[in-house]
Amino acid sequence: MSKLLSPVAIPKLTLTNRVVMSPMCMYEVKKEDGVITPFHLVHYGARALSKVGLVVIEATAVAPDGRITNQDLGLWNDQQQNELTKLISLIQNFGSKAGIQISHAGRKATDAITPLAPSALAFSDTYPMPHDMTLSDINDVQAAFVAACKRAAASGVDMIELHGAHGYLLSQFLSPLVNQRKDQYGGSLENRYRFVKEIVVAVRASFKGSLWMRLSLTDFEDEGRQNSIADWQLIGQWLEADGIDCLDISTGGLLDKKPTIPIYDGYQVPYAAAMKQAVSIPVAAVGLLDNPALCEHILQTGEADLILQGRSLLNQVNWLAQAAVDLHDPTFTAYNGSYQRGMK
């Protein structure tokens with residue numbers, strides 16, 4: 001039996017395997033109303049049908065001006081919640097657990113007239129200049145996160161991931177490169193963490209399911225200017241103490257620049273492994289992990305506890321079936337019963 005395809009119990013969540021569909025923006029909300037469409041039902045339903053252990057719905061904004069684009073999902077009104085409930089039920093009825101990533105794009109909200117950010121620094125020359133958030137803005141956005149998470153919980157999700165990576169609002173507050181505030185939400189690492197902490201604590205108080213956080217552990221910037229790995233490990237420990245159940249580790253996205261490191265299969269795994277050394281909660285790895293043997297190696301060597309699959313599940317909806325073949329795992333039933341008759 002492979003570790004990748006065997007059941008696992010993590011805090012507040014039991015999965016049939018360790019494969020997680022990574023949240024990926026699909027930009028399919030053509031009406032720009034933030035509401036689930038037939039595309040989403042088919043897209044996520046197909047991955048649940050193929051036995052993905054946990055299906056995480058793409059970045060879903062807490063407010064209209066918090067969307068990355070106007071074609072993103074949202075969760076600030078009843079219609080959005082009602083349609084999300086249908087999608088969650090569909091995923092769960094096919095045997096997968098259902099999660100959702102809750103997000104605010106901050107200064108990377110491309111279609112916002114005046115985006116919000118901890119400081120008035122634009123992402124690039126082609127992005128609108130953001131408005132540095134007042135304390136009232138901070139309170140409003142925090143309340144929007146809590147409200148969206150309550151809607152997600154009412155929709156029946158098994159897991160919520162707060163998006164604190166890839167240069168969106170939560171990661172903007174954490175970074176000294178973007179957060180240049182002089183009040184209690186800027187300056188020291190502890191102060192920069194305060195905005196995130198207050199959201200995590202408030203969401204944890206009302207959500208009883210599995211609560212995750214996605215982090216980018218490097219901005220591919222010079223050492224001394226960005227948070228160090230030791231800083232991120234401390235943030236991970238704070239998040240664990242504040243109620244986070246799993247850390248989803250990625251990299252980049254804060255700055256308008258391409259990484260200057262080689263990109264290869266599993267290139268982000270060392271960052272997950274570094275976080276795993278600092279916390280006792282599970283850690284998930286992501287990024288060019290389409291090789292089942294590599295995924296199994298990562299799990300067997302303890303570098304991560306879960307494997308997030310993104311593009312590989314777009315390219316091959318039945319990725320788990322091929323993984324079972326590659327790993328010589330006869331114990332894993334890779335298809336829904338109705339498809340078994342087509343298997344040789």
# chains A, B, ... in the order shown; residues from 1 in each chain; ligands from 1

call {"tool": "residues_around", "arguments": {"residues": "Asp132 of chain A", "least_positions_apart": "3", "cutoff": "10 Å", "atoms": "only C-alpha atoms", "output": "list in words"}}
result
Gly106, Arg107, Thr114, Pro115, Leu116, Ala117, Pro118, Ser119, Ala120, Leu121, Met129, Leu135, Asp137, Ile138, Asn179, Gln180 and Arg181 of chain A

call {"tool": "write_last_selection", "arguments": {"atoms": "N, CA, C and O atoms", "output": "mmCIF file, in the first residue's frame"}}
result
data_model
loop_
_atom_site.group_PDB
_atom_site.id
_atom_site.type_symbol
_atom_site.label_atom_id
_atom_site.label_comp_id
_atom_site.auth_asym_id
_atom_site.auth_seq_id
_atom_site.Cartn_x
_atom_site.Cartn_y
_atom_site.Cartn_z
ATOM 1 N N GLY A 106 -6.175 42.248 -2.171
ATOM 2 C CA GLY A 106 -5.415 43.434 -1.794
ATOM 3 C C GLY A 106 -4.968 44.219 -3.013
ATOM 4 O O GLY A 106 -5.763 44.491 -3.925
ATOM 5 N N ARG A 107 -3.697 44.557 -3.082
ATOM 6 C CA ARG A 107 -3.206 45.397 -4.177
ATOM 7 C C ARG A 107 -3.154 44.650 -5.513
ATOM 8 O O ARG A 107 -2.913 45.263 -6.553
ATOM 9 N N THR A 114 -9.932 51.251 -6.778
ATOM 10 C CA THR A 114 -8.894 51.611 -5.812
ATOM 11 C C THR A 114 -8.707 50.448 -4.860
ATOM 12 O O THR A 114 -9.419 50.325 -3.867
ATOM 13 N N PRO A 115 -7.764 49.570 -5.135
ATOM 14 C CA PRO A 115 -7.561 48.400 -4.268
ATOM 15 C C PRO A 115 -7.108 48.805 -2.866
ATOM 16 O O PRO A 115 -6.592 49.908 -2.646
ATOM 17 N N LEU A 116 -7.284 47.892 -1.943
ATOM 18 C CA LEU A 116 -6.817 48.080 -0.578
ATOM 19 C C LEU A 116 -5.470 47.390 -0.406
ATOM 20 O O LEU A 116 -5.201 46.360 -1.017
ATOM 21 N N ALA A 117 -4.632 47.968 0.455
ATOM 22 C CA ALA A 117 -3.334 47.370 0.758
ATOM 23 C C ALA A 117 -2.848 47.933 2.088
ATOM 24 O O ALA A 117 -3.327 48.977 2.543
ATOM 25 N N PRO A 118 -1.912 47.234 2.735
ATOM 26 C CA PRO A 118 -1.390 47.789 3.988
ATOM 27 C C PRO A 118 -0.707 49.138 3.775
ATOM 28 O O PRO A 118 -0.772 50.014 4.632
ATOM 29 N N SER A 119 -0.054 49.302 2.612
ATOM 30 C CA SER A 119 0.617 50.560 2.269
ATOM 31 C C SER A 119 0.363 50.874 0.799
ATOM 32 O O SER A 119 0.110 49.971 -0.003
ATOM 33 N N ALA A 120 0.438 52.137 0.449
ATOM 34 C CA ALA A 120 0.125 52.580 -0.913
ATOM 35 C C ALA A 120 1.301 52.319 -1.852
ATOM 36 O O ALA A 120 1.996 53.243 -2.294
ATOM 37 N N LEU A 121 1.498 51.048 -2.161
ATOM 38 C CA LEU A 121 2.536 50.618 -3.091
ATOM 39 C C LEU A 121 1.897 49.712 -4.127
ATOM 40 O O LEU A 121 1.331 48.677 -3.782
ATOM 41 N N MET A 129 -2.975 51.882 -8.391
ATOM 42 C CA MET A 129 -2.354 52.254 -7.124
ATOM 43 C C MET A 129 -3.324 51.959 -5.979
ATOM 44 O O MET A 129 -4.472 52.402 -6.006
ATOM 45 N N LEU A 135 -7.681 52.074 9.825
ATOM 46 C CA LEU A 135 -8.098 51.099 10.842
ATOM 47 C C LEU A 135 -9.533 50.650 10.598
ATOM 48 O O LEU A 135 -9.871 49.480 10.843
ATOM 49 N N ASP A 137 -10.879 50.365 7.591
ATOM 50 C CA ASP A 137 -10.753 49.402 6.493
ATOM 51 C C ASP A 137 -10.326 48.034 7.025
ATOM 52 O O ASP A 137 -10.854 46.990 6.610
ATOM 53 N N ILE A 138 -9.372 48.045 7.928
ATOM 54 C CA ILE A 138 -8.882 46.794 8.502
ATOM 55 C C ILE A 138 -10.007 46.053 9.212
ATOM 56 O O ILE A 138 -10.201 44.845 9.017
ATOM 57 N N ASN A 179 4.498 45.912 3.471
ATOM 58 C CA ASN A 179 3.891 46.534 4.645
ATOM 59 C C ASN A 179 4.875 47.536 5.245
ATOM 60 O O ASN A 179 5.849 47.146 5.899
ATOM 61 N N GLN A 180 4.610 48.818 5.014
ATOM 62 C CA GLN A 180 5.467 49.873 5.539
ATOM 63 C C GLN A 180 4.723 50.751 6.553
ATOM 64 O O GLN A 180 5.050 51.916 6.759
ATOM 65 N N ARG A 181 3.726 50.162 7.194
ATOM 66 C CA ARG A 181 2.911 50.885 8.159
ATOM 67 C C ARG A 181 3.740 51.242 9.397
ATOM 68 O O ARG A 181 4.696 50.553 9.764
#

call {"tool": "residues_around", "arguments": {"residues": "Ala153 of chain A", "least_positions_apart": "6", "cutoff": "10 Å", "atoms": "only C-alpha atoms", "output": "compact mmCIF listing (two decimals) with all heavy atoms, in the first residue's frame"}}
result
# COMPACT_ATOMS: atom_id res chain seq x y z
N GLN A 81 -23.77 31.88 -1.59
CA GLN A 81 -23.77 30.81 -0.59
C GLN A 81 -24.66 29.65 -1.00
O GLN A 81 -24.29 28.48 -0.84
CB GLN A 81 -24.22 31.37 0.76
CG GLN A 81 -24.27 30.33 1.86
CD GLN A 81 -24.73 30.92 3.18
OE1 GLN A 81 -24.49 32.10 3.48
NE2 GLN A 81 -25.39 30.11 4.00
N THR A 85 -23.39 25.81 -1.67
CA THR A 85 -23.94 24.66 -0.94
C THR A 85 -24.18 23.48 -1.88
O THR A 85 -23.89 22.32 -1.55
CB THR A 85 -25.23 25.05 -0.23
OG1 THR A 85 -24.97 26.13 0.68
CG2 THR A 85 -25.82 23.87 0.54
N GLY A 99 -13.29 21.49 0.41
CA GLY A 99 -12.73 22.67 1.05
C GLY A 99 -12.88 23.88 0.16
O GLY A 99 -13.27 23.78 -1.01
N ILE A 100 -12.53 25.03 0.70
CA ILE A 100 -12.59 26.27 -0.08
C ILE A 100 -11.49 27.20 0.41
O ILE A 100 -11.15 27.22 1.59
CB ILE A 100 -13.97 26.94 0.06
CG1 ILE A 100 -14.11 28.11 -0.93
CG2 ILE A 100 -14.22 27.41 1.49
CD1 ILE A 100 -15.53 28.65 -1.03
N ALA A 147 -17.23 36.74 8.01
CA ALA A 147 -18.56 36.52 7.43
C ALA A 147 -18.50 35.49 6.30
O ALA A 147 -19.36 34.61 6.20
CB ALA A 147 -19.13 37.84 6.91
N MET A 159 -13.39 21.92 5.15
CA MET A 159 -12.12 22.60 5.36
C MET A 159 -12.19 24.00 4.77
O MET A 159 -12.82 24.23 3.74
CB MET A 159 -11.00 21.78 4.69
CG MET A 159 -9.69 22.49 4.51
SD MET A 159 -9.59 23.37 2.89
CE MET A 159 -7.81 23.41 2.65
N ILE A 160 -11.54 24.95 5.45
CA ILE A 160 -11.36 26.32 4.95
C ILE A 160 -9.88 26.62 4.95
O ILE A 160 -9.19 26.37 5.93
CB ILE A 160 -12.10 27.36 5.81
CG1 ILE A 160 -13.62 27.21 5.66
CG2 ILE A 160 -11.67 28.78 5.44
CD1 ILE A 160 -14.41 28.10 6.61
N SER A 206 -15.52 30.42 15.34
CA SER A 206 -16.83 30.05 14.81
C SER A 206 -16.81 28.82 13.90
O SER A 206 -17.85 28.21 13.67
CB SER A 206 -17.43 31.22 14.03
OG SER A 206 -16.63 31.55 12.91
N PHE A 207 -15.64 28.45 13.38
CA PHE A 207 -15.56 27.32 12.44
C PHE A 207 -14.96 26.12 13.13
O PHE A 207 -13.83 26.17 13.64
CB PHE A 207 -14.72 27.72 11.23
CG PHE A 207 -14.57 26.62 10.21
CD1 PHE A 207 -15.69 26.06 9.60
CD2 PHE A 207 -13.32 26.13 9.87
CE1 PHE A 207 -15.55 25.04 8.66
CE2 PHE A 207 -13.17 25.12 8.93
CZ PHE A 207 -14.30 24.57 8.33
N LYS A 208 -15.70 25.02 13.14
CA LYS A 208 -15.26 23.82 13.84
C LYS A 208 -14.56 22.81 12.93
O LYS A 208 -14.07 21.79 13.40
CB LYS A 208 -16.46 23.15 14.52
CG LYS A 208 -17.24 24.08 15.45
CD LYS A 208 -16.33 24.79 16.45
CE LYS A 208 -17.10 25.77 17.31
NZ LYS A 208 -16.19 26.55 18.19
N GLY A 209 -14.52 23.07 11.63
CA GLY A 209 -13.86 22.17 10.70
C GLY A 209 -12.36 22.41 10.66
O GLY A 209 -11.79 23.10 11.52

call {"tool": "closest_residue", "arguments": {"among": "A:Gly53, A:Pro282, A:Gly74, A:Gly337", "to": "Leu5 of chain A", "atoms": "only C-alpha atoms"}}
result
A:Gly53

call {"tool": "closest_residue", "arguments": {"among": "A:Ala143, A:Cys149, A:Leu13, A:Leu4", "to": "Ala304 of chain A", "atoms": "only C-alpha atoms"}}
result
A:Leu4

call {"tool": "select_by_dssp", "arguments": {"residues": "segment 24-264 of chain A", "states": "helix (DSSP H, G or I)", "output": "MDAnalysis selection string"}}
result
chainID A and resid 38:49 64:66 78:93 106:108 135:154 169:174 189:206 229:241

call {"tool": "residues_around", "arguments": {"residues": "Asp248 of chain A", "least_positions_apart": "4", "cutoff": "7 Å", "atoms": "only C-alpha atoms", "output": "NGL selection string"}}
result
:A and (213-215 or 283-285)

call {"tool": "closest_residue", "arguments": {"among": "A:Ala154, A:Asp65, A:Arg194, A:Asn77", "to": "Val141 of chain A", "atoms": "only C-alpha atoms"}}
result
A:Asp65

call {"tool": "residues_around", "arguments": {"residues": "Gly236 of chain A", "least_positions_apart": "6", "cutoff": "8 Å", "atoms": "only C-alpha atoms", "output": "NGL selection string"}}
result
:A and (247 or 275 or 278-279)

call {"tool": "write_last_selection", "arguments": {"atoms": "C-alpha atoms", "output": "CSV table (one decimal), in the first residue's frame"}}
result
chain,number,residue,atom,x,y,z
A,247,LEU,CA,0.0,24.8,6.7
A,275,MET,CA,8.2,24.5,8.0
A,278,ALA,CA,9.2,24.0,13.2
A,279,VAL,CA,5.5,22.9,13.8

call {"tool": "closest_residue", "arguments": {"among": "A:Met133, A:Ile261, A:Leu234, A:Ala59", "to": "His104 of chain A", "atoms": "only C-alpha atoms"}}
result
A:Ala59

call {"tool": "decode", "arguments": {"residues": "segment 197-322 of chain A", "atoms": "C-alpha atoms", "output": "PDB file, in the first residue's frame"}}
result
ATOM      1  CA  LYS A 197      -3.760  36.687  13.762  1.00  0.00           C
ATOM      2  CA  GLU A 198      -6.979  38.584  14.410  1.00  0.00           C
ATOM      3  CA  ILE A 199      -8.635  36.962  11.383  1.00  0.00           C
ATOM      4  CA  VAL A 200      -7.450  33.462  12.307  1.00  0.00           C
ATOM      5  CA  VAL A 201      -8.614  33.773  15.914  1.00  0.00           C
ATOM      6  CA  ALA A 202     -12.027  35.128  14.881  1.00  0.00           C
ATOM      7  CA  VAL A 203     -12.581  32.437  12.236  1.00  0.00           C
ATOM      8  CA  ARG A 204     -11.384  29.693  14.576  1.00  0.00           C
ATOM      9  CA  ALA A 205     -13.943  30.796  17.167  1.00  0.00           C
ATOM     10  CA  SER A 206     -16.833  30.049  14.806  1.00  0.00           C
ATOM     11  CA  PHE A 207     -15.562  27.325  12.443  1.00  0.00           C
ATOM     12  CA  LYS A 208     -15.256  23.816  13.843  1.00  0.00           C
ATOM     13  CA  GLY A 209     -13.858  22.173  10.697  1.00  0.00           C
ATOM     14  CA  SER A 210     -10.264  21.933   9.514  1.00  0.00           C
ATOM     15  CA  LEU A 211      -8.694  25.395   9.193  1.00  0.00           C
ATOM     16  CA  TRP A 212      -5.646  25.796   6.932  1.00  0.00           C
ATOM     17  CA  MET A 213      -3.375  28.643   5.914  1.00  0.00           C
ATOM     18  CA  ARG A 214      -1.416  28.921   2.660  1.00  0.00           C
ATOM     19  CA  LEU A 215       1.919  30.719   2.933  1.00  0.00           C
ATOM     20  CA  SER A 216       4.666  31.724   0.474  1.00  0.00           C
ATOM     21  CA  LEU A 217       7.948  31.055   2.273  1.00  0.00           C
ATOM     22  CA  THR A 218      10.081  33.170  -0.021  1.00  0.00           C
ATOM     23  CA  ASP A 219       9.592  36.223  -2.213  1.00  0.00           C
ATOM     24  CA  PHE A 220      12.789  35.442  -4.160  1.00  0.00           C
ATOM     25  CA  GLU A 221      14.310  38.652  -2.859  1.00  0.00           C
ATOM     26  CA  ASP A 222      17.676  39.377  -1.266  1.00  0.00           C
ATOM     27  CA  GLU A 223      18.143  37.998   2.233  1.00  0.00           C
ATOM     28  CA  GLY A 224      17.679  40.682   4.841  1.00  0.00           C
ATOM     29  CA  ARG A 225      14.934  42.425   2.889  1.00  0.00           C
ATOM     30  CA  GLN A 226      12.335  39.653   3.015  1.00  0.00           C
ATOM     31  CA  ASN A 227      11.170  37.429   5.849  1.00  0.00           C
ATOM     32  CA  SER A 228      13.763  34.751   6.585  1.00  0.00           C
ATOM     33  CA  ILE A 229      12.956  31.052   6.891  1.00  0.00           C
ATOM     34  CA  ALA A 230      13.322  31.490  10.653  1.00  0.00           C
ATOM     35  CA  ASP A 231      10.717  34.275  10.504  1.00  0.00           C
ATOM     36  CA  TRP A 232       8.337  32.021   8.587  1.00  0.00           C
ATOM     37  CA  GLN A 233       8.893  29.181  11.022  1.00  0.00           C
ATOM     38  CA  LEU A 234       7.975  31.531  13.857  1.00  0.00           C
ATOM     39  CA  ILE A 235       4.856  32.634  11.950  1.00  0.00           C
ATOM     40  CA  GLY A 236       3.993  28.952  11.490  1.00  0.00           C
ATOM     41  CA  GLN A 237       4.291  28.387  15.234  1.00  0.00           C
ATOM     42  CA  TRP A 238       2.075  31.398  15.910  1.00  0.00           C
ATOM     43  CA  LEU A 239      -0.517  30.126  13.440  1.00  0.00           C
ATOM     44  CA  GLU A 240      -0.493  26.721  15.104  1.00  0.00           C
ATOM     45  CA  ALA A 241      -1.008  28.328  18.518  1.00  0.00           C
ATOM     46  CA  ASP A 242      -3.848  30.462  17.136  1.00  0.00           C
ATOM     47  CA  GLY A 243      -5.782  27.479  15.798  1.00  0.00           C
ATOM     48  CA  ILE A 244      -4.541  26.611  12.298  1.00  0.00           C
ATOM     49  CA  ASP A 245      -4.720  22.838  11.643  1.00  0.00           C
ATOM     50  CA  CYS A 246      -2.521  22.548   8.535  1.00  0.00           C
ATOM     51  CA  LEU A 247      -0.024  24.756   6.681  1.00  0.00           C
ATOM     52  CA  ASP A 248      -0.007  24.703   2.873  1.00  0.00           C
ATOM     53  CA  ILE A 249       3.446  25.841   1.760  1.00  0.00           C
ATOM     54  CA  SER A 250       4.118  27.599  -1.540  1.00  0.00           C
ATOM     55  CA  THR A 251       6.441  30.402  -2.724  1.00  0.00           C
ATOM     56  CA  GLY A 252       6.464  33.705  -4.587  1.00  0.00           C
ATOM     57  CA  GLY A 253       3.804  36.028  -5.922  1.00  0.00           C
ATOM     58  CA  LEU A 254       4.429  39.091  -3.774  1.00  0.00           C
ATOM     59  CA  LEU A 255       6.600  40.953  -6.279  1.00  0.00           C
ATOM     60  CA  ASP A 256       6.337  41.476 -10.017  1.00  0.00           C
ATOM     61  CA  LYS A 257       9.382  39.351 -10.792  1.00  0.00           C
ATOM     62  CA  LYS A 258      10.185  35.845 -11.920  1.00  0.00           C
ATOM     63  CA  PRO A 259      12.100  33.578  -9.555  1.00  0.00           C
ATOM     64  CA  THR A 260      15.822  33.498 -10.229  1.00  0.00           C
ATOM     65  CA  ILE A 261      16.139  29.881  -9.112  1.00  0.00           C
ATOM     66  CA  PRO A 262      15.850  26.714 -11.219  1.00  0.00           C
ATOM     67  CA  ILE A 263      12.277  25.442 -11.526  1.00  0.00           C
ATOM     68  CA  TYR A 264      12.146  21.658 -11.316  1.00  0.00           C
ATOM     69  CA  ASP A 265       9.864  18.914 -10.014  1.00  0.00           C
ATOM     70  CA  GLY A 266       9.331  19.471  -6.307  1.00  0.00           C
ATOM     71  CA  TYR A 267      11.329  22.712  -6.187  1.00  0.00           C
ATOM     72  CA  GLN A 268       9.125  24.090  -3.393  1.00  0.00           C
ATOM     73  CA  VAL A 269       9.314  20.980  -1.204  1.00  0.00           C
ATOM     74  CA  PRO A 270      12.371  22.178   0.792  1.00  0.00           C
ATOM     75  CA  TYR A 271      10.253  25.065   2.052  1.00  0.00           C
ATOM     76  CA  ALA A 272       7.544  22.672   3.238  1.00  0.00           C
ATOM     77  CA  ALA A 273      10.216  20.538   4.882  1.00  0.00           C
ATOM     78  CA  ALA A 274      11.622  23.583   6.665  1.00  0.00           C
ATOM     79  CA  MET A 275       8.197  24.463   8.032  1.00  0.00           C
ATOM     80  CA  LYS A 276       7.611  20.877   9.105  1.00  0.00           C
ATOM     81  CA  GLN A 277      10.716  21.108  11.299  1.00  0.00           C
ATOM     82  CA  ALA A 278       9.155  23.984  13.224  1.00  0.00           C
ATOM     83  CA  VAL A 279       5.525  22.926  13.801  1.00  0.00           C
ATOM     84  CA  SER A 280       3.648  19.872  14.992  1.00  0.00           C
ATOM     85  CA  ILE A 281       0.609  20.303  12.744  1.00  0.00           C
ATOM     86  CA  PRO A 282       0.515  18.739   9.242  1.00  0.00           C
ATOM     87  CA  VAL A 283       2.263  20.473   6.358  1.00  0.00           C
ATOM     88  CA  ALA A 284       1.213  20.220   2.713  1.00  0.00           C
ATOM     89  CA  ALA A 285       3.553  20.519  -0.276  1.00  0.00           C
ATOM     90  CA  VAL A 286       2.684  21.901  -3.705  1.00  0.00           C
ATOM     91  CA  GLY A 287       4.409  22.723  -7.000  1.00  0.00           C
ATOM     92  CA  LEU A 288       5.333  20.480  -9.957  1.00  0.00           C
ATOM     93  CA  LEU A 289       4.499  17.279  -8.102  1.00  0.00           C
ATOM     94  CA  ASP A 290       2.960  15.334 -10.976  1.00  0.00           C
ATOM     95  CA  ASN A 291       5.332  12.358 -10.567  1.00  0.00           C
ATOM     96  CA  PRO A 292       3.683   9.816  -8.206  1.00  0.00           C
ATOM     97  CA  ALA A 293       7.050   8.308  -7.242  1.00  0.00           C
ATOM     98  CA  LEU A 294       8.329  11.722  -6.163  1.00  0.00           C
ATOM     99  CA  CYS A 295       5.138  12.339  -4.182  1.00  0.00           C
ATOM    100  CA  GLU A 296       5.533   8.997  -2.429  1.00  0.00           C
ATOM    101  CA  HIS A 297       9.171   9.792  -1.633  1.00  0.00           C
ATOM    102  CA  ILE A 298       8.217  13.150  -0.099  1.00  0.00           C
ATOM    103  CA  LEU A 299       5.684  11.461   2.159  1.00  0.00           C
ATOM    104  CA  GLN A 300       7.910   8.522   3.088  1.00  0.00           C
ATOM    105  CA  THR A 301      10.811  10.794   4.026  1.00  0.00           C
ATOM    106  CA  GLY A 302       8.549  13.032   6.118  1.00  0.00           C
ATOM    107  CA  GLU A 303       9.155  16.234   4.176  1.00  0.00           C
ATOM    108  CA  ALA A 304       5.393  16.805   3.987  1.00  0.00           C
ATOM    109  CA  ASP A 305       2.166  15.129   5.088  1.00  0.00           C
ATOM    110  CA  LEU A 306      -0.086  15.899   2.119  1.00  0.00           C
ATOM    111  CA  ILE A 307       0.445  16.474  -1.604  1.00  0.00           C
ATOM    112  CA  LEU A 308      -1.400  19.242  -3.420  1.00  0.00           C
ATOM    113  CA  GLN A 309      -1.986  18.629  -7.115  1.00  0.00           C
ATOM    114  CA  GLY A 310      -2.729  21.536  -9.428  1.00  0.00           C
ATOM    115  CA  ARG A 311      -1.880  21.428 -13.126  1.00  0.00           C
ATOM    116  CA  SER A 312      -1.527  17.636 -13.076  1.00  0.00           C
ATOM    117  CA  LEU A 313      -5.242  17.329 -12.238  1.00  0.00           C
ATOM    118  CA  LEU A 314      -6.068  19.740 -15.038  1.00  0.00           C
ATOM    119  CA  ASN A 315      -4.044  17.691 -17.502  1.00  0.00           C
ATOM    120  CA  GLN A 316      -5.239  14.306 -16.252  1.00  0.00           C
ATOM    121  CA  VAL A 317      -8.517  14.111 -14.362  1.00  0.00           C
ATOM    122  CA  ASN A 318      -7.770  10.468 -13.460  1.00  0.00           C
ATOM    123  CA  TRP A 319      -4.275  11.205 -12.145  1.00  0.00           C
ATOM    124  CA  LEU A 320      -4.865   9.005  -9.098  1.00  0.00           C
ATOM    125  CA  ALA A 321      -5.623   5.990 -11.301  1.00  0.00           C
ATOM    126  CA  GLN A 322      -2.281   6.371 -13.048  1.00  0.00           C
TER     127      GLN A 322
END
